[in-house]
Amino acid sequence: FTLYSFLVRKAKSSLTHKFFVSDEKSAEKQKSSFLLTALSSVFPKEKVLKIRRKIAAVLVKAPIIRNSDSILDSFISCRCRDYGVFFLSFGIYSLLGCIVGRYFFSDNAPTLASYVACAVSVFISIPLLKEKRSFGYYANTSAMAGFIIFDVLGARKHEIYPVNAKLAPAGLALLLGMGFGLISFIITPIKMALLLLFIFLSFWILHTPEAGMIVVCLILPFLDLKYTVLILSVTLVSYVLKILQLKRTAKFGYTDLWVAVFALVFLTGIPKGANGSITINNVLICTLFICSFFLVKNLISSYEWIKRFFMANIFSLTGVSFISLIQVLSYDSDGIVLSVLSSAKHGISSMFDTPDVLAVYILSSIPLLFTMAKKSVSGKEKRTSRFIAFASICTLFFTVSCGGYFSFFITLFVFLLMYGKKTFAFATLSVLPVSAIAAIISQIEGFSIFNAFANSSSVSYAAKEAFASVAAYPLCGTGLKEIQSTFTPFYLCITSQLGIPCLVVFMIIIFEFCRSTVSSVYSDKANTASAKYAYFAAAPAVSVMSILLLGFFSSAPMTPVGILILFMFL
């Protein structure tokens, strides 16, 4: 406690305190760049608002806006019995298509996920067949449907509470279920189910673009990356349309300008070699994922949506942790003990491409879990949070990512420091036995994280190749390439592939992020009225810090998934 008080007293009187902690209102005035000032003089606010009103008047009459709202209302006001008939018909005929495809068309043999999709469709139809009221009314009375519609997707009750249920034409639900089910001869039932879900979510995201970012957090670990790209693209289009209709606002500050520059550099990072056509899609995907910075900043801005964003990440973390532990137990078929030992030796990747990408995801989500556990009231929620935290930490251990271990240890220490002097004292005292045990193990095993990083032949070859690229193309880089070695540091990847100016832009973004975050957390803690928001600002800051620390050991933050996670939490 004495050490904590001494550090706090010295920090408040230091130059660093004056540099990072500043008045937010005065900082906003000082952060207006020369470019933004010039643009505001050329395009005054009155002129821009007049143009936006003209565009909004045109868009209100546009077919895509008018029809999307009416279609969404039809979805909500349709009877639950019609949905039940559709799901039952779709499940039965999809199962028939799976059986026929399994025994007559071996090239189109269905997977286990297809059979699961058929069973889930039939299971969903059972409670819906008993309900004669509209789906909107059913969502207000059912716990599960209400949780998905209101708590996850953020709907308001007055938006989906139609008084009269609309009757679908006789036999239409049955025929649609049969038609979509029989298409399973060509498309697997799981893909058809995802297509139907995507159609419904697209209409809802066009109505509420904030739900798009929640869906991205939920599906990112479990589905292919193309589904995340589709949802994020629909969210971006929906947000732009809402801005043009004067239904949403857009804030563009000093940090946003540098993020936009970074996205433009990524967009021009097409490889210089002849075999670069393969990675053009990755260039476009990474540029889109960088734009998630603007979406999260402007959409996930209220306390309710921030909690939904946190909970969506925790739900996904729970699923990833349990799938990873199942993978640990089934890694080797010669027994559970050998399976666990093999997993601890080679590492697991769960639903991601590499173990390091899995480490990026876990490191980014664990601070959110700790914050929600701190804010939980009931004992059941706290016990559940502790169990999920234990499972996720075990999953991080089986990634066999030395950089992940180091990042987790340092960021956990910083997170405890933000909580107060008691947790700081506990963390300080716990460093001593942990350091002693690590020193003893390193002497016995002859192992050290940094020695392993320096002596590995694959690491040294990747680093030499990256430095040679920087020397050959210092300003523009070699262009984005498929990452062959995960041992190349993230910052060295940026410099070698996109040039030294890109690294400078990225460091400016991180610097501005650290400054604004420290100032925000400090001001929130000082103000008792907004003290509960301080930890909701500190948690993603710790997540970003852990990803940046991992970047010294691995190139995983340079992958599309790593770019998306980094800029969402930024």
# chains A, B, ... in the order shown; residues from 1 in each chain; ligands from 1
>>> select_by_dssp(residues="range 138-232 of chain A", states="helix (DSSP H, G or I)", output="compact mmCIF listing (two decimals) with N, CA, C and O atoms, in the first residue's frame")
# COMPACT_ATOMS: atom_id res chain seq x y z
N TYR A 138 -45.41 -13.04 -29.60
CA TYR A 138 -44.74 -14.20 -29.02
C TYR A 138 -43.38 -13.82 -28.43
O TYR A 138 -42.97 -14.36 -27.38
N ALA A 139 -42.66 -12.90 -29.09
CA ALA A 139 -41.35 -12.46 -28.58
C ALA A 139 -41.49 -11.75 -27.25
O ALA A 139 -40.58 -11.81 -26.41
N ASN A 140 -42.61 -11.08 -27.02
CA ASN A 140 -42.82 -10.38 -25.75
C ASN A 140 -43.20 -11.32 -24.61
O ASN A 140 -43.09 -10.96 -23.44
N THR A 141 -43.67 -12.52 -24.93
CA THR A 141 -44.10 -13.47 -23.90
C THR A 141 -43.12 -14.62 -23.70
O THR A 141 -43.11 -15.23 -22.64
N ALA A 143 -39.45 -16.27 -23.15
CA ALA A 143 -38.18 -15.86 -22.55
C ALA A 143 -37.02 -15.96 -23.55
O ALA A 143 -36.21 -15.03 -23.68
N MET A 144 -36.96 -17.08 -24.29
CA MET A 144 -35.86 -17.27 -25.23
C MET A 144 -35.95 -16.31 -26.41
O MET A 144 -34.97 -15.67 -26.78
N ALA A 145 -37.14 -16.21 -27.03
CA ALA A 145 -37.31 -15.30 -28.16
C ALA A 145 -37.11 -13.85 -27.73
O ALA A 145 -36.50 -13.05 -28.45
N GLY A 146 -37.61 -13.50 -26.55
CA GLY A 146 -37.41 -12.14 -26.05
C GLY A 146 -35.95 -11.83 -25.78
O GLY A 146 -35.49 -10.70 -26.01
N PHE A 147 -35.22 -12.82 -25.28
CA PHE A 147 -33.79 -12.62 -25.02
C PHE A 147 -33.05 -12.33 -26.33
O PHE A 147 -32.21 -11.42 -26.40
N ILE A 148 -33.36 -13.09 -27.40
CA ILE A 148 -32.67 -12.88 -28.68
C ILE A 148 -33.07 -11.56 -29.31
O ILE A 148 -32.21 -10.80 -29.79
N ILE A 149 -34.36 -11.25 -29.31
CA ILE A 149 -34.85 -10.07 -30.00
C ILE A 149 -34.51 -8.79 -29.24
O ILE A 149 -34.04 -7.80 -29.82
N PHE A 150 -34.74 -8.79 -27.92
CA PHE A 150 -34.58 -7.55 -27.15
C PHE A 150 -33.17 -7.40 -26.57
O PHE A 150 -32.55 -6.34 -26.72
N ASP A 151 -32.67 -8.45 -25.91
CA ASP A 151 -31.39 -8.32 -25.23
C ASP A 151 -30.20 -8.39 -26.18
O ASP A 151 -29.20 -7.70 -25.96
N VAL A 152 -30.28 -9.22 -27.20
CA VAL A 152 -29.14 -9.39 -28.12
C VAL A 152 -29.22 -8.40 -29.28
O VAL A 152 -28.28 -7.63 -29.53
N LEU A 172 -48.69 -21.62 -48.24
CA LEU A 172 -47.47 -20.94 -48.69
C LEU A 172 -46.27 -21.32 -47.83
O LEU A 172 -45.18 -21.58 -48.36
N ALA A 173 -46.45 -21.36 -46.50
CA ALA A 173 -45.35 -21.73 -45.62
C ALA A 173 -44.90 -23.17 -45.88
O ALA A 173 -43.69 -23.47 -45.88
N LEU A 174 -45.87 -24.07 -46.13
CA LEU A 174 -45.54 -25.47 -46.42
C LEU A 174 -44.76 -25.57 -47.72
O LEU A 174 -43.74 -26.28 -47.80
N LEU A 175 -45.20 -24.86 -48.75
CA LEU A 175 -44.52 -24.92 -50.05
C LEU A 175 -43.13 -24.29 -49.99
O LEU A 175 -42.18 -24.81 -50.59
N LEU A 176 -43.00 -23.18 -49.26
CA LEU A 176 -41.67 -22.58 -49.13
C LEU A 176 -40.71 -23.50 -48.39
O LEU A 176 -39.54 -23.62 -48.76
N GLY A 177 -41.20 -24.13 -47.31
CA GLY A 177 -40.35 -25.08 -46.60
C GLY A 177 -39.94 -26.25 -47.45
O GLY A 177 -38.77 -26.69 -47.42
N MET A 178 -40.88 -26.77 -48.25
CA MET A 178 -40.54 -27.86 -49.17
C MET A 178 -39.51 -27.41 -50.21
O MET A 178 -38.54 -28.12 -50.50
N GLY A 179 -39.72 -26.21 -50.77
CA GLY A 179 -38.81 -25.72 -51.80
C GLY A 179 -37.40 -25.52 -51.28
O GLY A 179 -36.43 -26.03 -51.88
N PHE A 180 -37.27 -24.82 -50.15
CA PHE A 180 -35.93 -24.60 -49.59
C PHE A 180 -35.31 -25.91 -49.10
O PHE A 180 -34.09 -26.07 -49.15
N GLY A 181 -36.16 -26.82 -48.62
CA GLY A 181 -35.61 -28.10 -48.16
C GLY A 181 -35.10 -28.95 -49.30
O GLY A 181 -34.04 -29.59 -49.20
N LEU A 182 -35.81 -28.97 -50.44
CA LEU A 182 -35.38 -29.79 -51.57
C LEU A 182 -34.15 -29.21 -52.27
O LEU A 182 -33.46 -29.93 -53.00
N ILE A 183 -33.87 -27.94 -52.05
CA ILE A 183 -32.64 -27.36 -52.61
C ILE A 183 -31.40 -27.97 -51.97
O ILE A 183 -30.28 -27.81 -52.47
N SER A 184 -31.59 -28.70 -50.86
CA SER A 184 -30.45 -29.36 -50.21
C SER A 184 -29.79 -30.39 -51.10
O SER A 184 -28.69 -30.87 -50.77
N PHE A 185 -30.43 -30.76 -52.21
CA PHE A 185 -29.74 -31.61 -53.19
C PHE A 185 -28.55 -30.86 -53.79
O PHE A 185 -27.56 -31.48 -54.20
N PRO A 189 -27.97 -28.28 -46.21
CA PRO A 189 -28.96 -27.63 -45.34
C PRO A 189 -28.37 -26.58 -44.41
O PRO A 189 -29.03 -25.58 -44.11
N ILE A 190 -27.13 -26.78 -43.96
CA ILE A 190 -26.54 -25.80 -43.05
C ILE A 190 -26.32 -24.48 -43.77
O ILE A 190 -26.54 -23.39 -43.23
N LYS A 191 -25.89 -24.55 -45.05
CA LYS A 191 -25.71 -23.31 -45.82
C LYS A 191 -27.05 -22.66 -46.13
O LYS A 191 -27.16 -21.43 -46.13
N MET A 192 -28.07 -23.47 -46.39
CA MET A 192 -29.39 -22.91 -46.65
C MET A 192 -29.95 -22.24 -45.39
O MET A 192 -30.56 -21.17 -45.46
N ALA A 193 -29.74 -22.87 -44.22
CA ALA A 193 -30.20 -22.26 -42.97
C ALA A 193 -29.47 -20.95 -42.70
O ALA A 193 -30.08 -19.97 -42.26
N LEU A 194 -28.17 -20.92 -42.97
CA LEU A 194 -27.41 -19.68 -42.79
C LEU A 194 -27.87 -18.61 -43.76
O LEU A 194 -27.89 -17.41 -43.42
N LEU A 195 -28.25 -19.01 -44.98
CA LEU A 195 -28.75 -18.04 -45.95
C LEU A 195 -30.06 -17.42 -45.48
O LEU A 195 -30.25 -16.19 -45.56
N LEU A 196 -30.98 -18.25 -44.97
CA LEU A 196 -32.25 -17.72 -44.47
C LEU A 196 -32.03 -16.81 -43.26
O LEU A 196 -32.67 -15.76 -43.13
N LEU A 197 -31.11 -17.21 -42.38
CA LEU A 197 -30.80 -16.37 -41.22
C LEU A 197 -30.17 -15.05 -41.66
O LEU A 197 -30.47 -13.99 -41.09
N PHE A 198 -29.32 -15.11 -42.68
CA PHE A 198 -28.68 -13.89 -43.18
C PHE A 198 -29.72 -12.94 -43.78
O PHE A 198 -29.62 -11.72 -43.63
N ILE A 199 -30.72 -13.48 -44.47
CA ILE A 199 -31.77 -12.63 -45.05
C ILE A 199 -32.54 -11.88 -43.96
O ILE A 199 -32.76 -10.67 -44.05
N PHE A 200 -32.92 -12.61 -42.90
CA PHE A 200 -33.64 -11.95 -41.80
C PHE A 200 -32.77 -10.91 -41.10
O PHE A 200 -33.21 -9.80 -40.82
N LEU A 201 -31.49 -11.28 -40.83
CA LEU A 201 -30.60 -10.35 -40.15
C LEU A 201 -30.30 -9.12 -40.99
O LEU A 201 -30.12 -8.02 -40.46
N SER A 202 -30.27 -9.29 -42.32
CA SER A 202 -30.01 -8.15 -43.19
C SER A 202 -31.12 -7.11 -43.08
O SER A 202 -30.86 -5.91 -42.99
N PHE A 203 -32.37 -7.58 -43.08
CA PHE A 203 -33.49 -6.64 -42.93
C PHE A 203 -33.46 -5.97 -41.56
O PHE A 203 -33.78 -4.78 -41.44
N TRP A 204 -33.09 -6.74 -40.53
CA TRP A 204 -33.05 -6.14 -39.20
C TRP A 204 -31.89 -5.16 -39.07
O TRP A 204 -32.03 -4.10 -38.43
N ILE A 205 -30.73 -5.46 -39.66
CA ILE A 205 -29.59 -4.55 -39.60
C ILE A 205 -29.87 -3.28 -40.39
O ILE A 205 -29.43 -2.18 -40.00
N LEU A 206 -30.61 -3.40 -41.50
CA LEU A 206 -31.01 -2.19 -42.22
C LEU A 206 -31.91 -1.30 -41.37
O LEU A 206 -31.94 -0.08 -41.55
N HIS A 207 -32.62 -1.91 -40.44
CA HIS A 207 -33.47 -1.15 -39.52
C HIS A 207 -32.69 -0.65 -38.32
O HIS A 207 -32.86 0.50 -37.87
N GLU A 210 -26.88 -0.94 -35.30
CA GLU A 210 -26.10 -1.33 -34.12
C GLU A 210 -26.09 -2.84 -33.92
O GLU A 210 -25.09 -3.40 -33.44
N ALA A 211 -27.18 -3.51 -34.32
CA ALA A 211 -27.24 -4.96 -34.16
C ALA A 211 -26.21 -5.67 -35.03
O ALA A 211 -25.82 -6.80 -34.73
N GLY A 212 -25.76 -5.03 -36.11
CA GLY A 212 -24.78 -5.65 -36.98
C GLY A 212 -23.47 -5.93 -36.27
O GLY A 212 -22.87 -7.00 -36.45
N MET A 213 -23.01 -5.01 -35.44
CA MET A 213 -21.76 -5.22 -34.72
C MET A 213 -21.91 -6.31 -33.66
O MET A 213 -20.95 -7.04 -33.37
N ILE A 214 -23.09 -6.42 -33.07
CA ILE A 214 -23.32 -7.51 -32.11
C ILE A 214 -23.28 -8.86 -32.82
O ILE A 214 -22.68 -9.82 -32.31
N VAL A 215 -23.89 -8.93 -33.99
CA VAL A 215 -23.88 -10.18 -34.76
C VAL A 215 -22.45 -10.53 -35.18
O VAL A 215 -22.06 -11.71 -35.18
N VAL A 216 -21.64 -9.54 -35.55
CA VAL A 216 -20.25 -9.79 -35.92
C VAL A 216 -19.49 -10.43 -34.77
O VAL A 216 -18.74 -11.39 -34.95
N CYS A 217 -19.69 -9.92 -33.55
CA CYS A 217 -19.03 -10.51 -32.38
C CYS A 217 -19.48 -11.94 -32.12
O CYS A 217 -18.68 -12.78 -31.68
N LEU A 218 -20.75 -12.24 -32.42
CA LEU A 218 -21.28 -13.58 -32.15
C LEU A 218 -20.81 -14.61 -33.16
O LEU A 218 -20.55 -15.76 -32.81
N ILE A 219 -20.69 -14.23 -34.44
CA ILE A 219 -20.40 -15.22 -35.48
C ILE A 219 -18.93 -15.28 -35.85
O ILE A 219 -18.52 -16.23 -36.54
N LEU A 225 -14.99 -16.69 -42.52
CA LEU A 225 -14.77 -15.25 -42.50
C LEU A 225 -15.66 -14.52 -43.50
O LEU A 225 -15.96 -13.33 -43.32
N LYS A 226 -16.12 -15.21 -44.55
CA LYS A 226 -16.96 -14.54 -45.55
C LYS A 226 -18.29 -14.10 -44.96
O LYS A 226 -18.86 -13.08 -45.38
N TYR A 227 -18.81 -14.83 -43.97
CA TYR A 227 -20.07 -14.43 -43.34
C TYR A 227 -19.87 -13.15 -42.52
O TYR A 227 -20.74 -12.27 -42.50
N THR A 228 -18.73 -13.04 -41.85
CA THR A 228 -18.42 -11.81 -41.13
C THR A 228 -18.29 -10.63 -42.09
O THR A 228 -18.75 -9.52 -41.80
N VAL A 229 -17.68 -10.87 -43.25
CA VAL A 229 -17.55 -9.81 -44.25
C VAL A 229 -18.92 -9.37 -44.75
O VAL A 229 -19.19 -8.16 -44.90
N LEU A 230 -19.83 -10.32 -44.96
CA LEU A 230 -21.18 -9.97 -45.43
C LEU A 230 -21.93 -9.14 -44.39
O LEU A 230 -22.53 -8.10 -44.72
N ILE A 231 -21.91 -9.59 -43.14
CA ILE A 231 -22.63 -8.86 -42.09
C ILE A 231 -22.04 -7.46 -41.89
O ILE A 231 -22.78 -6.46 -41.75
N LEU A 232 -20.72 -7.36 -41.91
CA LEU A 232 -20.08 -6.07 -41.73
C LEU A 232 -20.37 -5.13 -42.90
O LEU A 232 -20.55 -3.92 -42.72
>>> residues_around(residues="range 496-499 of chain A", least_positions_apart="2", cutoff="12 Å", atoms="only C-alpha atoms", output="number ranges by chain")
A: 262-273, 283, 462-483, 488-494, 501-506, 555, 558
>>> closest_residue(among="A:Leu295, A:Cys286, A:Ile500, A:Ile160", to="Asp73 in chain A", atoms="only C-alpha atoms")
A:Ile160
>>> residues_around(residues="range 355-369 of chain A", least_positions_apart="3", cutoff="8 Å", atoms="only C-alpha atoms", output="ChimeraX atom specification")
/A:310,313-314,317,347-352,372-373,385,389,392,396,399-401,404,407-408,415,486,536,539-540,542-544,546-547,550,554,556-557,559,561-562,565,569
>>> residues_around(residues="range 241-252 of chain A", least_positions_apart="5", cutoff="7 Å", atoms="only C-alpha atoms", output="PyMOL selection string")
chain A and resi 52+55-56+59+298
>>> write_last_selection(atoms="all heavy atoms", output="PDB file, in the first residue's frame")
ATOM      1  N   ARG A  52     -27.910  17.219 -46.940  1.00  0.00           N
ATOM      2  CA  ARG A  52     -28.354  15.970 -46.324  1.00  0.00           C
ATOM      3  C   ARG A  52     -29.877  15.876 -46.270  1.00  0.00           C
ATOM      4  O   ARG A  52     -30.443  14.792 -46.428  1.00  0.00           O
ATOM      5  CB  ARG A  52     -27.773  15.855 -44.912  1.00  0.00           C
ATOM      6  CG  ARG A  52     -26.283  15.548 -44.875  1.00  0.00           C
ATOM      7  CD  ARG A  52     -25.797  15.432 -43.451  1.00  0.00           C
ATOM      8  NE  ARG A  52     -26.462  14.347 -42.755  1.00  0.00           N
ATOM      9  CZ  ARG A  52     -26.354  14.123 -41.443  1.00  0.00           C
ATOM     10  NH1 ARG A  52     -25.617  14.939 -40.701  1.00  0.00           N
ATOM     11  NH2 ARG A  52     -26.973  13.123 -40.877  1.00  0.00           N
ATOM     12  N   ILE A  55     -31.063  14.825 -49.682  1.00  0.00           N
ATOM     13  CA  ILE A  55     -30.799  13.390 -49.903  1.00  0.00           C
ATOM     14  C   ILE A  55     -31.762  12.545 -49.094  1.00  0.00           C
ATOM     15  O   ILE A  55     -32.276  11.516 -49.567  1.00  0.00           O
ATOM     16  CB  ILE A  55     -29.341  13.065 -49.549  1.00  0.00           C
ATOM     17  CG1 ILE A  55     -28.382  13.817 -50.481  1.00  0.00           C
ATOM     18  CG2 ILE A  55     -29.086  11.566 -49.636  1.00  0.00           C
ATOM     19  CD1 ILE A  55     -26.927  13.647 -50.131  1.00  0.00           C
ATOM     20  N   ALA A  56     -32.052  12.958 -47.845  1.00  0.00           N
ATOM     21  CA  ALA A  56     -32.982  12.202 -47.000  1.00  0.00           C
ATOM     22  C   ALA A  56     -34.378  12.178 -47.597  1.00  0.00           C
ATOM     23  O   ALA A  56     -35.079  11.153 -47.537  1.00  0.00           O
ATOM     24  CB  ALA A  56     -33.016  12.802 -45.599  1.00  0.00           C
ATOM     25  N   LEU A  59     -34.282   9.575 -50.290  1.00  0.00           N
ATOM     26  CA  LEU A  59     -34.144   8.205 -49.802  1.00  0.00           C
ATOM     27  C   LEU A  59     -35.420   7.683 -49.153  1.00  0.00           C
ATOM     28  O   LEU A  59     -35.671   6.475 -49.144  1.00  0.00           O
ATOM     29  CB  LEU A  59     -32.990   8.127 -48.793  1.00  0.00           C
ATOM     30  CG  LEU A  59     -31.576   8.229 -49.381  1.00  0.00           C
ATOM     31  CD1 LEU A  59     -30.551   8.235 -48.271  1.00  0.00           C
ATOM     32  CD2 LEU A  59     -31.309   7.075 -50.332  1.00  0.00           C
ATOM     33  N   ASN A 298     -19.248   5.000 -33.516  1.00  0.00           N
ATOM     34  CA  ASN A 298     -20.465   5.781 -33.705  1.00  0.00           C
ATOM     35  C   ASN A 298     -21.736   5.018 -33.354  1.00  0.00           C
ATOM     36  O   ASN A 298     -22.758   5.639 -33.052  1.00  0.00           O
ATOM     37  CB  ASN A 298     -20.558   6.250 -35.160  1.00  0.00           C
ATOM     38  CG  ASN A 298     -19.505   7.291 -35.505  1.00  0.00           C
ATOM     39  OD1 ASN A 298     -19.629   8.461 -35.158  1.00  0.00           O
ATOM     40  ND2 ASN A 298     -18.451   6.863 -36.174  1.00  0.00           N
TER      41      ASN A 298
END
>>> decode(residues="range 345-393 of chain A", atoms="C-alpha atoms", output="mmCIF file, in the first residue's frame")
data_model
loop_
_atom_site.group_PDB
_atom_site.id
_atom_site.type_symbol
_atom_site.label_atom_id
_atom_site.label_comp_id
_atom_site.auth_asym_id
_atom_site.auth_seq_id
_atom_site.Cartn_x
_atom_site.Cartn_y
_atom_site.Cartn_z
ATOM 1 C CA LYS A 345 3.124 -29.674 -26.920
ATOM 2 C CA HIS A 346 1.752 -28.717 -30.347
ATOM 3 C CA GLY A 347 -0.955 -26.182 -29.471
ATOM 4 C CA ILE A 348 -4.606 -25.923 -30.495
ATOM 5 C CA SER A 349 -6.296 -23.440 -32.799
ATOM 6 C CA SER A 350 -10.003 -24.168 -32.112
ATOM 7 C CA MET A 351 -12.114 -22.427 -34.788
ATOM 8 C CA PHE A 352 -9.267 -20.190 -36.008
ATOM 9 C CA ASP A 353 -6.425 -20.740 -38.456
ATOM 10 C CA THR A 354 -3.485 -20.716 -36.037
ATOM 11 C CA PRO A 355 -3.021 -20.915 -32.246
ATOM 12 C CA ASP A 356 -1.703 -17.344 -32.198
ATOM 13 C CA VAL A 357 -4.943 -16.009 -33.729
ATOM 14 C CA LEU A 358 -6.848 -17.914 -31.039
ATOM 15 C CA ALA A 359 -4.571 -16.239 -28.464
ATOM 16 C CA VAL A 360 -5.446 -12.812 -29.920
ATOM 17 C CA TYR A 361 -9.157 -13.554 -29.540
ATOM 18 C CA ILE A 362 -8.852 -14.831 -25.954
ATOM 19 C CA LEU A 363 -6.603 -11.967 -24.851
ATOM 20 C CA SER A 364 -9.077 -9.425 -26.223
ATOM 21 C CA SER A 365 -12.146 -10.970 -24.560
ATOM 22 C CA ILE A 366 -10.852 -11.878 -21.090
ATOM 23 C CA PRO A 367 -10.748 -8.240 -19.787
ATOM 24 C CA LEU A 368 -14.391 -7.806 -20.818
ATOM 25 C CA LEU A 369 -15.234 -10.950 -18.862
ATOM 26 C CA PHE A 370 -13.432 -9.631 -15.783
ATOM 27 C CA THR A 371 -15.326 -6.337 -16.014
ATOM 28 C CA MET A 372 -18.736 -8.003 -16.298
ATOM 29 C CA ALA A 373 -17.832 -10.293 -13.389
ATOM 30 C CA LYS A 374 -16.948 -7.216 -11.342
ATOM 31 C CA LYS A 375 -20.290 -5.585 -12.225
ATOM 32 C CA SER A 376 -22.406 -8.705 -11.682
ATOM 33 C CA VAL A 377 -24.664 -8.618 -8.634
ATOM 34 C CA SER A 378 -25.947 -12.151 -8.073
ATOM 35 C CA GLY A 379 -23.731 -14.931 -6.811
ATOM 36 C CA LYS A 380 -24.758 -17.196 -9.679
ATOM 37 C CA GLU A 381 -23.462 -14.710 -12.265
ATOM 38 C CA LYS A 382 -20.168 -14.354 -10.409
ATOM 39 C CA ARG A 383 -19.658 -18.124 -10.189
ATOM 40 C CA THR A 384 -20.475 -18.503 -13.879
ATOM 41 C CA SER A 385 -18.036 -15.720 -14.798
ATOM 42 C CA ARG A 386 -15.271 -17.318 -12.743
ATOM 43 C CA PHE A 387 -15.870 -20.688 -14.396
ATOM 44 C CA ILE A 388 -15.750 -19.138 -17.882
ATOM 45 C CA ALA A 389 -12.591 -17.217 -16.942
ATOM 46 C CA PHE A 390 -10.942 -20.453 -15.768
ATOM 47 C CA ALA A 391 -11.906 -22.244 -19.014
ATOM 48 C CA SER A 392 -10.629 -19.373 -21.177
ATOM 49 C CA ILE A 393 -7.314 -19.171 -19.295
#
